[in-house]
Structures are given as C-alpha cells and as structure tokens.
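Text of target.cif, listed as mmCIF, C-alpha atoms (C1' of nucleotides):
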```cif
data_upload
#
loop_
_atom_site.label_atom_id
_atom_site.label_comp_id
_atom_site.auth_asym_id
_atom_site.auth_seq_id
_atom_site.Cartn_x
_atom_site.Cartn_y
_atom_site.Cartn_z
CA MET A 9 -1.28 -5.03 1.47
CA PRO A 10 1.29 -6.61 -0.54
CA GLU A 11 4.91 -6.07 -1.28
CA LEU A 12 7.26 -8.11 -3.42
CA PRO A 13 7.14 -11.39 -1.42
CA GLU A 14 3.35 -11.35 -1.10
CA VAL A 15 2.85 -10.47 -4.77
CA GLU A 16 5.30 -13.19 -5.81
CA THR A 17 3.50 -15.74 -3.62
CA VAL A 18 0.16 -14.83 -5.16
CA ALA A 19 1.50 -14.79 -8.72
CA ASN A 20 3.17 -18.20 -8.31
CA GLY A 21 0.07 -19.65 -6.71
CA VAL A 22 -2.23 -18.41 -9.43
CA ASP A 23 0.23 -19.53 -12.11
CA ALA A 24 0.30 -23.08 -10.73
CA ARG A 25 -3.51 -23.21 -10.76
CA VAL A 26 -4.47 -21.58 -14.06
CA ARG A 27 -1.53 -21.85 -16.47
CA GLY A 28 -2.77 -23.16 -19.81
CA GLN A 29 -6.43 -22.52 -19.02
CA LYS A 30 -8.81 -20.71 -21.35
CA ILE A 31 -10.90 -17.72 -20.29
CA ALA A 32 -14.53 -18.19 -21.35
CA ARG A 33 -16.12 -15.04 -19.91
CA VAL A 34 -15.09 -11.87 -18.10
CA TRP A 35 -17.19 -9.82 -15.68
CA THR A 36 -16.20 -6.42 -14.25
CA SER A 37 -17.83 -4.43 -11.49
CA GLY A 38 -18.09 -1.02 -13.12
CA LYS A 39 -16.29 0.77 -10.28
CA PRO A 40 -14.37 3.22 -12.45
CA GLN A 41 -11.27 3.81 -10.35
CA THR A 42 -10.36 0.12 -10.27
CA PHE A 43 -9.84 0.05 -14.02
CA LYS A 44 -6.79 1.76 -15.51
CA SER A 45 -7.73 0.49 -18.97
CA ALA A 46 -11.34 0.75 -20.17
CA GLU A 47 -13.37 -2.17 -18.85
CA SER A 48 -14.54 -2.93 -22.38
CA GLU A 49 -10.92 -3.26 -23.49
CA ILE A 50 -10.13 -5.60 -20.60
CA VAL A 51 -13.17 -7.74 -21.40
CA GLU A 52 -12.39 -7.84 -25.15
CA THR A 53 -8.72 -8.64 -24.63
CA LEU A 54 -9.25 -11.47 -22.14
CA THR A 55 -12.41 -13.16 -23.41
CA GLY A 56 -11.45 -16.31 -25.32
CA ALA A 57 -7.75 -15.91 -24.50
CA LYS A 58 -5.48 -18.64 -23.17
CA ILE A 59 -3.39 -18.01 -20.04
CA GLU A 60 0.26 -18.62 -20.88
CA LYS A 61 1.76 -17.76 -17.54
CA VAL A 62 1.36 -15.60 -14.44
CA ARG A 63 4.37 -13.79 -12.99
CA ARG A 64 5.46 -10.83 -10.90
CA VAL A 65 7.05 -7.56 -12.03
CA GLY A 66 7.71 -5.26 -9.07
CA LYS A 67 4.45 -5.28 -7.12
CA THR A 68 2.41 -5.99 -10.25
CA ILE A 69 1.00 -9.41 -11.18
CA VAL A 70 1.34 -9.96 -14.92
CA MET A 71 -0.88 -12.51 -16.65
CA ASP A 72 0.46 -13.23 -20.13
CA VAL A 73 -2.35 -14.28 -22.47
CA VAL A 74 -2.52 -15.42 -26.09
CA ARG A 75 -5.39 -14.84 -28.50
CA GLY A 76 -5.25 -16.80 -31.69
CA LYS A 77 -1.79 -17.21 -33.18
CA ALA A 78 1.01 -15.22 -31.53
CA HIS A 79 -1.37 -12.43 -30.63
CA THR A 80 -0.18 -11.73 -27.09
CA ALA A 81 -1.30 -9.34 -24.39
CA GLN A 82 -0.79 -8.84 -20.67
CA PHE A 83 -3.39 -8.48 -17.95
CA LEU A 84 -1.86 -6.36 -15.17
CA VAL A 85 -3.13 -6.67 -11.61
CA HIS A 86 -1.87 -4.29 -8.94
CA LEU A 87 -3.21 -5.31 -5.54
CA GLY A 88 -2.92 -1.88 -3.90
CA MET A 89 -3.28 -2.25 -0.14
CA THR A 90 -6.08 -4.78 0.21
CA GLY A 91 -6.36 -6.49 -3.18
CA ARG A 92 -6.58 -10.28 -3.51
CA LEU A 93 -6.41 -12.50 -6.55
CA LEU A 94 -8.21 -15.75 -5.78
CA VAL A 95 -8.86 -18.94 -7.73
CA SER A 96 -12.20 -20.48 -6.74
CA LYS A 97 -14.85 -22.84 -8.02
CA ALA A 98 -17.73 -20.91 -9.59
CA GLU A 99 -20.17 -22.25 -6.99
CA VAL A 100 -18.27 -20.62 -4.11
CA PRO A 101 -20.16 -17.36 -3.33
CA LEU A 102 -18.48 -14.17 -4.53
CA PRO A 103 -16.86 -12.28 -1.64
CA PRO A 104 -17.92 -8.67 -1.04
CA HIS A 105 -15.89 -6.10 -3.01
CA THR A 106 -15.28 -8.40 -5.96
CA HIS A 107 -14.37 -6.21 -8.95
CA ALA A 108 -13.48 -8.67 -11.69
CA VAL A 109 -14.12 -12.34 -12.46
CA LEU A 110 -12.43 -14.36 -15.19
CA SER A 111 -14.52 -17.49 -15.74
CA LEU A 112 -12.38 -20.38 -17.00
CA THR A 113 -13.68 -23.09 -19.32
CA ASP A 114 -13.02 -25.71 -16.60
CA GLY A 115 -15.59 -24.16 -14.26
CA ARG A 116 -13.22 -22.26 -11.97
CA GLU A 117 -12.88 -18.50 -11.65
CA VAL A 118 -10.03 -16.05 -11.13
CA ARG A 119 -11.44 -13.31 -8.88
CA PHE A 120 -10.09 -9.88 -8.04
CA VAL A 121 -11.35 -8.71 -4.65
CA ASP A 122 -10.38 -5.32 -3.19
CA PRO A 123 -12.24 -3.58 -0.32
CA ARG A 124 -10.29 -0.31 -0.32
CA ARG A 125 -10.10 -0.08 -4.09
CA PHE A 126 -6.50 1.08 -4.22
CA GLY A 127 -5.77 -1.81 -6.59
CA ARG A 128 -5.71 -1.35 -10.38
CA LEU A 129 -6.48 -3.56 -13.36
CA SER A 130 -5.30 -2.92 -16.90
CA VAL A 131 -4.30 -4.63 -20.14
CA GLU A 132 -1.19 -4.02 -22.24
CA THR A 133 -0.85 -5.05 -25.83
CA ALA A 134 2.49 -3.37 -26.59
CA GLU A 135 5.21 -5.48 -28.19
CA GLY A 136 7.93 -6.75 -25.91
CA GLY A 137 5.72 -7.24 -22.88
CA TYR A 138 5.47 -5.40 -19.61
CA ALA A 139 8.68 -4.76 -17.65
CA GLY A 140 7.68 -1.79 -15.51
CA PRO A 141 9.94 0.96 -14.25
CA GLY A 142 12.58 0.45 -11.58
CA VAL A 143 15.24 -2.17 -10.92
CA GLU A 144 14.44 -5.68 -9.65
CA PRO A 145 15.80 -5.89 -6.08
CA THR A 146 16.15 -9.68 -5.81
CA THR A 147 18.75 -9.85 -8.56
CA VAL A 148 20.33 -6.36 -8.66
CA SER A 149 24.15 -6.44 -8.61
CA VAL A 150 26.24 -4.61 -6.00
CA GLU A 151 27.51 -2.27 -8.71
CA GLU A 152 24.08 -1.28 -9.95
CA PHE A 153 22.63 -1.04 -6.45
CA ALA A 154 25.39 1.38 -5.45
CA THR A 155 24.55 3.73 -8.34
CA LEU A 156 20.80 3.89 -7.59
CA PHE A 157 21.06 6.36 -4.70
CA LYS A 158 23.98 8.50 -5.92
CA GLY A 159 23.32 12.22 -5.46
CA ARG A 160 19.92 11.56 -3.89
CA LYS A 161 18.99 13.88 -1.07
CA LEU A 162 15.88 12.01 -0.02
CA ALA A 163 15.98 9.68 2.96
CA ILE A 164 17.16 6.16 2.12
CA LYS A 165 13.83 4.78 3.42
CA ALA A 166 11.92 6.99 0.98
CA ALA A 167 14.31 6.00 -1.82
CA LEU A 168 13.70 2.29 -1.13
CA LEU A 169 9.95 2.91 -1.45
CA ASN A 170 10.28 4.77 -4.76
CA GLN A 171 9.15 2.23 -7.35
CA SER A 172 10.86 4.00 -10.25
CA ILE A 173 14.24 3.51 -8.53
CA LEU A 174 13.77 -0.03 -7.17
CA HIS A 175 10.49 -1.88 -7.65
CA GLY A 176 8.78 -4.21 -5.21
CA VAL A 177 9.98 -2.89 -1.85
CA GLY A 178 7.28 -1.49 0.47
CA ASN A 179 6.99 -0.31 4.04
CA ILE A 180 7.62 -3.62 5.82
CA TYR A 181 10.68 -4.75 3.88
CA ALA A 182 12.20 -1.25 3.78
CA ASP A 183 12.16 -1.04 7.59
CA GLU A 184 13.24 -4.66 8.06
CA SER A 185 16.19 -4.40 5.67
CA LEU A 186 17.37 -1.05 7.09
CA PHE A 187 17.33 -2.57 10.58
CA ARG A 188 19.29 -5.61 9.48
CA ALA A 189 21.82 -3.37 7.71
CA GLY A 190 22.15 -1.08 10.76
CA ILE A 191 21.27 2.06 8.80
CA ARG A 192 19.12 4.94 10.05
CA PRO A 193 16.07 5.33 7.76
CA THR A 194 16.44 9.14 7.67
CA LYS A 195 20.00 9.10 6.32
CA GLN A 196 20.19 10.70 2.89
CA GLY A 197 20.48 8.08 0.16
CA GLY A 198 23.45 9.80 -1.46
CA LYS A 199 25.36 9.81 1.83
CA LEU A 200 25.47 6.05 2.34
CA THR A 201 29.01 4.71 2.27
CA ARG A 202 30.01 1.89 -0.04
CA VAL A 203 30.07 -0.49 2.93
CA GLU A 204 26.57 0.58 3.99
CA LEU A 205 25.27 0.11 0.45
CA GLU A 206 26.70 -3.39 0.35
CA ARG A 207 25.17 -4.22 3.74
CA LEU A 208 21.80 -2.82 2.65
CA ARG A 209 21.70 -4.82 -0.57
CA THR A 210 22.64 -8.01 1.26
CA ALA A 211 20.06 -7.40 3.99
CA LEU A 212 17.33 -6.55 1.49
CA GLN A 213 17.94 -9.64 -0.60
CA GLN A 214 18.09 -11.92 2.44
CA VAL A 215 14.87 -10.48 3.87
CA LEU A 216 13.01 -10.78 0.56
CA LYS A 217 14.25 -14.34 -0.03
CA LYS A 218 13.26 -15.48 3.47
CA ALA A 219 9.87 -13.78 3.18
CA ILE A 220 9.17 -15.48 -0.15
CA GLU A 221 10.07 -18.85 1.44
CA LEU A 222 7.58 -18.16 4.24
CA GLY A 223 4.78 -17.07 1.89
CA GLY A 224 5.02 -13.35 2.74
CA SER A 225 3.84 -11.36 5.77
CA SER A 226 0.21 -11.52 6.86
CA VAL A 227 -0.29 -8.34 8.88
CA SER A 228 -4.06 -8.21 8.79
CA ASP A 229 -5.81 -9.56 5.74
CA TYR A 230 -3.18 -10.72 3.27
CA VAL A 231 -3.73 -14.23 1.88
CA ASP A 232 -2.38 -16.09 -1.14
CA ALA A 233 -4.32 -17.47 -4.10
CA ASP A 234 -5.74 -20.23 -1.87
CA GLY A 235 -6.65 -17.89 0.96
CA VAL A 236 -3.67 -19.06 3.04
CA ARG A 237 -1.76 -16.63 5.26
CA GLY A 238 2.02 -16.05 5.17
CA PHE A 239 4.40 -16.41 8.10
CA PHE A 240 7.12 -13.81 7.67
CA GLN A 241 5.43 -11.53 10.24
CA GLN A 242 6.97 -13.82 12.87
CA GLU A 243 10.38 -12.69 11.64
CA HIS A 244 9.64 -8.95 11.86
CA LYS A 245 12.26 -7.23 14.01
CA VAL A 246 10.93 -3.66 13.79
CA TYR A 247 7.77 -3.40 11.67
CA GLY A 248 4.72 -3.11 13.92
CA ARG A 249 6.89 -3.07 17.09
CA ALA A 250 7.00 0.65 18.01
CA GLY A 251 7.85 1.12 21.69
CA GLU A 252 8.80 -2.53 22.15
CA SER A 253 12.40 -3.50 22.86
CA CYS A 254 14.95 -4.17 20.15
CA LYS A 255 15.54 -7.90 19.72
CA ASP A 256 19.27 -7.27 19.33
CA CYS A 257 20.10 -4.63 21.99
CA GLY A 258 16.98 -4.16 24.12
CA ALA A 259 16.58 -0.42 23.44
CA ALA A 260 13.05 0.94 22.89
CA LEU A 261 12.18 1.03 19.18
CA LYS A 262 11.26 4.48 17.86
CA LYS A 263 8.38 5.45 15.58
CA ILE A 264 8.78 8.35 13.16
CA VAL A 265 7.39 9.36 9.75
CA VAL A 266 9.64 9.22 6.68
CA GLY A 267 8.36 9.94 3.20
CA GLY A 268 4.85 10.07 4.62
CA ARG A 269 5.05 6.50 5.95
CA THR A 270 5.26 5.19 9.49
CA THR A 271 8.82 4.06 10.12
CA ILE A 272 10.13 1.99 13.04
CA TYR A 273 13.83 1.75 13.87
CA CYS A 274 16.26 1.08 16.70
CA PRO A 275 18.04 4.27 17.76
CA LYS A 276 21.01 2.28 19.05
CA CYS A 277 21.49 -0.31 16.30
CA GLN A 278 20.78 2.01 13.36
CA ARG A 279 23.15 4.97 12.99
"C1'" DA B 16 13.60 18.29 -11.39
"C1'" DG B 17 13.72 16.25 -7.06
"C1'" DG B 18 11.26 16.03 -2.88
"C1'" DT B 19 7.03 16.40 0.09
"C1'" DT B 20 2.14 16.17 1.16
"C1'" DG B 21 -2.53 15.01 0.89
"C1'" DA B 22 -6.15 12.46 -1.44
"C1'" DC B 23 -8.00 8.22 -2.76
"C1'" DC B 24 -11.17 4.08 -0.01
"C1'" DT B 25 -13.02 0.61 3.53
"C1'" DG B 26 -12.80 -1.67 7.78
"C1'" DG B 27 -10.82 -2.97 12.13
"C1'" DA B 28 -9.12 -1.54 16.68
"C1'" DC B 29 -9.53 1.40 20.32
"C1'" DG B 30 -11.40 4.91 23.68
"C1'" DC B 31 -15.25 7.10 25.82
"C1'" DT C 3 -24.16 -0.72 21.85
"C1'" DG C 4 -22.61 3.05 19.45
"C1'" DC C 5 -20.14 6.74 17.88
"C1'" DG C 6 -15.83 9.12 16.86
"C1'" DT C 7 -10.95 8.84 15.86
"C1'" DC C 8 -6.96 6.83 14.15
"C1'" DC C 9 -4.50 3.66 11.44
"C1'" DA C 10 -3.30 0.34 7.55
"C1'" DG C 11 1.09 -3.84 2.91
"C1'" DG C 12 0.39 1.76 -2.09
"C1'" DT C 13 0.30 5.13 -5.59
"C1'" DC C 14 -0.45 9.70 -7.76
"C1'" DA C 15 -1.38 14.39 -8.70
"C1'" DA C 16 -0.45 18.69 -7.05
"C1'" DC C 17 2.49 21.52 -4.82
"C1'" DC C 18 7.21 23.84 -3.28
#
```

For this file, produce the structure as structure tokens.
Amino acid sequence: MPELPEVETVANGVDARVRGQKIARVWTSGKPQTFKSAESEIVETLTGAKIEKVRRVGKTIVMDVVRGKAHTAQFLVHLGMTGRLLVSKAEVPLPPHTHAVLSLTDGREVRFVDPRRFGRLSVETAEGGYAGPGVEPTTVSVEEFATLFKGRKLAIKAALLNQSILHGVGNIYADESLFRAGIRPTKQGGKLTRVELERLRTALQQVLKKAIELGGSSVSDYVDADGVRGFFQQEHKVYGRAGESCKDCGAALKKIVVGGRTTIYCPKCQR
DNA sequence: AGGTTGACCTGGACGC
DNA sequence: TGCGTCCAGGTCAACC
C-alpha cells in the first residue's frame, strides 16, 4: 500500500490521537510472519509503556515509548502493501485480519490490520533510536542526491525503489517523479547528467510534498488512522494510466517492467 | 558485490 | 453464479 506520503499521513494521524497515552494491554494474533521480533518481546516491551511520539522513518512508522524512567524503546510498524494502523474505540468490532491491538488506558485501541500480511511489527531497544538505512528524500541536498546514483548500472527507477539508497519512495512516486523530471525509467542511474539529477530531486520533492498535503494516494484500500482516503491519486500523471494519453503531449503511455515492478512512462516526454 | 528474479499473502477485477 | 487468471502501494532470500 503505502509509500512515504501515506506512511507520514498515518504516523501523524496516530501521533495526534495517542501521544502521551499509556498502553494497558497488548494482544497479538500469533501469525508468525507478521512479527519480526518475538511476540512475547513486543508484548513485554509495550505493556505499561507510555507513548512519547509517533513518527515516520522511510516507510516505517516508529512509535517511541518510555517505560519507567528514561527506559526508551521503539515499536516499529511496516505496513507492507495492505497494512493499516487504526485508532478506534474498544467497542468498535475488530476488522478481519487484525494482527495486533494496543489497548490504551483511556478505552481506545491502536490496531494493526493487514490482509496480505506483508507488513511487519518489531521492537527496538538499542540506544540512539531507530534511523533505518537510506537517505531521507524530502530533505536530501542536491549535492548528496547527486552522489547516490554514481557508478550505478541499475535503472534509475530501480535505484529510486532501493530503500538502502533512498528510503520512502515506492512505485507510484518513482514513476510520477520520473515523469515530471522527463527522465526515462530505464536509464542507468550512473548515466544521469547533473541537470537531470537536479530535475529529478526537485520533481521528487515536489511530488512528495504535494502528496503529503493531499493525505497520500488511495489506489484501492489505503486509508489514514481515521479510515479516511487520500486524494493524490487525482494528481497521478502516469501511475495506473497505461495506454491512456499523456496529459502533457497526448502520446500513448507505455507499460513496461523495471526492477520487477510495473512501470508507466511517456515515450515522448521521457528520454 | 551489484543486479535480477521469484516467493511471500489475500482479495478484487475481469473474462468465459 | 462460479471458476480461473491476473494484478496490486513492498521486501527479502536466493541466484547469476
């Protein structure tokens, strides 16, 4: 489901609703692949903890919690393709495919729901907190951005999707930013000119900023912490538009596979 | 070592 | 109606 703008929308929404709350009880579903840390460790770490803040790192939602005095930990939620993190009153029935429930002392619940089970839950207790691999695209400088793809032979689209290079960009925003920068997705990352790199960074940051403002893209089932859909899908120029005409030049948009992912581009506008 | 591919899951859309 | 096929916002392990 969710790329940087969707994850940020969810993280901000959950933060606004549960910051400062205390977790009374934790339930987990027992579906092994959902849990990257042992379920018992997740339950022990979170039970009785206070939620300090909820934020985004790459595509991961990080819940910073405190137990006792200065004993901090992080609850990491990766939504995968279909994961949702919802805040609901306890009396609202649990949706199907619920895999974790944090019951708050005020009677509400933070629920992790994930039909396809590509999402992952874990806890970190390491000092310094969780930063994740990869560079943050919304704030990366021109200089640093230009160095990321140096010497890379893989297609620029595949490089944008590689979370250890740049974190947070997924299939929608890779295609949308390449279109806006006028760059062919198959071009080798290391072969982009300085001017193209500058255009790509600008396009990527503009697309991400706009998408965050609009609450993300709701392609099929994405919703925020309140179950509300985003609106950036109305701004999509290429994603999901294979065979339709380019909004800039009218040419038929092409569909190919790059890095194992469906990729849509305009053969005239993107060289 | 960098790059590519298939596996992991469920459900919705589509065609017959 | 029902069945089969294909496709989906993402990662990883296993290969070349």

Contact table chain C vs chain A, cut-off 9 Å, shortest pair per residue, all atoms listed in the file, as JSON lines:
```
{"residue": "C:DA10", "atom": "C1'", "partner": "A:Met89", "partner_atom": "CA", "distance": 8.1}
{"residue": "C:DG11", "atom": "C1'", "partner": "A:Met9", "partner_atom": "CA", "distance": 3.0}
{"residue": "C:DG12", "atom": "C1'", "partner": "A:Gly88", "partner_atom": "CA", "distance": 5.2}
{"residue": "C:DT13", "atom": "C1'", "partner": "A:Gly88", "partner_atom": "CA", "distance": 7.9}
```

Quiz item: Counting all atoms listed in the file, which residues from chain A have an atom at most 7 Å from any atom of chain B, and could you show them as a ChimeraX atom specification?
Solution: /A:123-126,162

Practice problem: Expand the PyMOL selection byres ((chain A and resi 188) around 9) into the individual residues it matches in the shown file, reporting them as a list in words. | Solution: Asp183, Glu184, Ser185, Leu186, Phe187, Ala189, Gly190, Ile191, Arg207, Leu208, Ala211, Leu212, Val215, Lys245, Cys277 and Gln278 of chain A

Put the listed atoms of stretch 177-181 of chain A in a box along x, y and z with 6 Å added on every side and give me the centre and edge lengths in Å to one decimal, as AutoDock Vina command-line options.
```
--center_x 8.8 --center_y -2.5 --center_z 2.0 --size_x 15.7 --size_y 16.4 --size_z 19.7
```

Quiz item: By how many Å are atom CA of A:Ala57 and atom CA of A:Gly223 apart?
Solution: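 Spanning atom CA of A:Ala57 to atom CA of A:Gly223 is a straight-line distance of 29.2 Å.
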
Taking the point (20.0, 14.4, -7.1) as given in the file, collect each protein or nucleic acid residue that comes within 12 Å of it, counting only C-alpha atoms (C1' of nucleotides), and present the set as an mmCIF file with C-alpha atoms (C1' of nucleotides), in the frame of the given file.
```
data_model
loop_
_atom_site.group_PDB
_atom_site.id
_atom_site.type_symbol
_atom_site.label_atom_id
_atom_site.label_comp_id
_atom_site.auth_asym_id
_atom_site.auth_seq_id
_atom_site.Cartn_x
_atom_site.Cartn_y
_atom_site.Cartn_z
ATOM 1 C CA THR A 155 24.550 3.730 -8.340
ATOM 2 C CA LEU A 156 20.800 3.890 -7.590
ATOM 3 C CA PHE A 157 21.060 6.360 -4.700
ATOM 4 C CA LYS A 158 23.980 8.500 -5.920
ATOM 5 C CA GLY A 159 23.320 12.220 -5.460
ATOM 6 C CA ARG A 160 19.920 11.560 -3.890
ATOM 7 C CA LYS A 161 18.990 13.880 -1.070
ATOM 8 C CA LEU A 162 15.880 12.010 -0.020
ATOM 9 C CA ALA A 163 15.980 9.680 2.960
ATOM 10 C CA ALA A 167 14.310 6.000 -1.820
ATOM 11 C CA GLN A 196 20.190 10.700 2.890
ATOM 12 C CA GLY A 197 20.480 8.080 0.160
ATOM 13 C CA GLY A 198 23.450 9.800 -1.460
ATOM 14 C CA LYS A 199 25.360 9.810 1.830
ATOM 15 C "C1'" DA B 16 13.600 18.290 -11.390
ATOM 16 C "C1'" DG B 17 13.720 16.250 -7.060
ATOM 17 C "C1'" DG B 18 11.260 16.030 -2.880
#
```
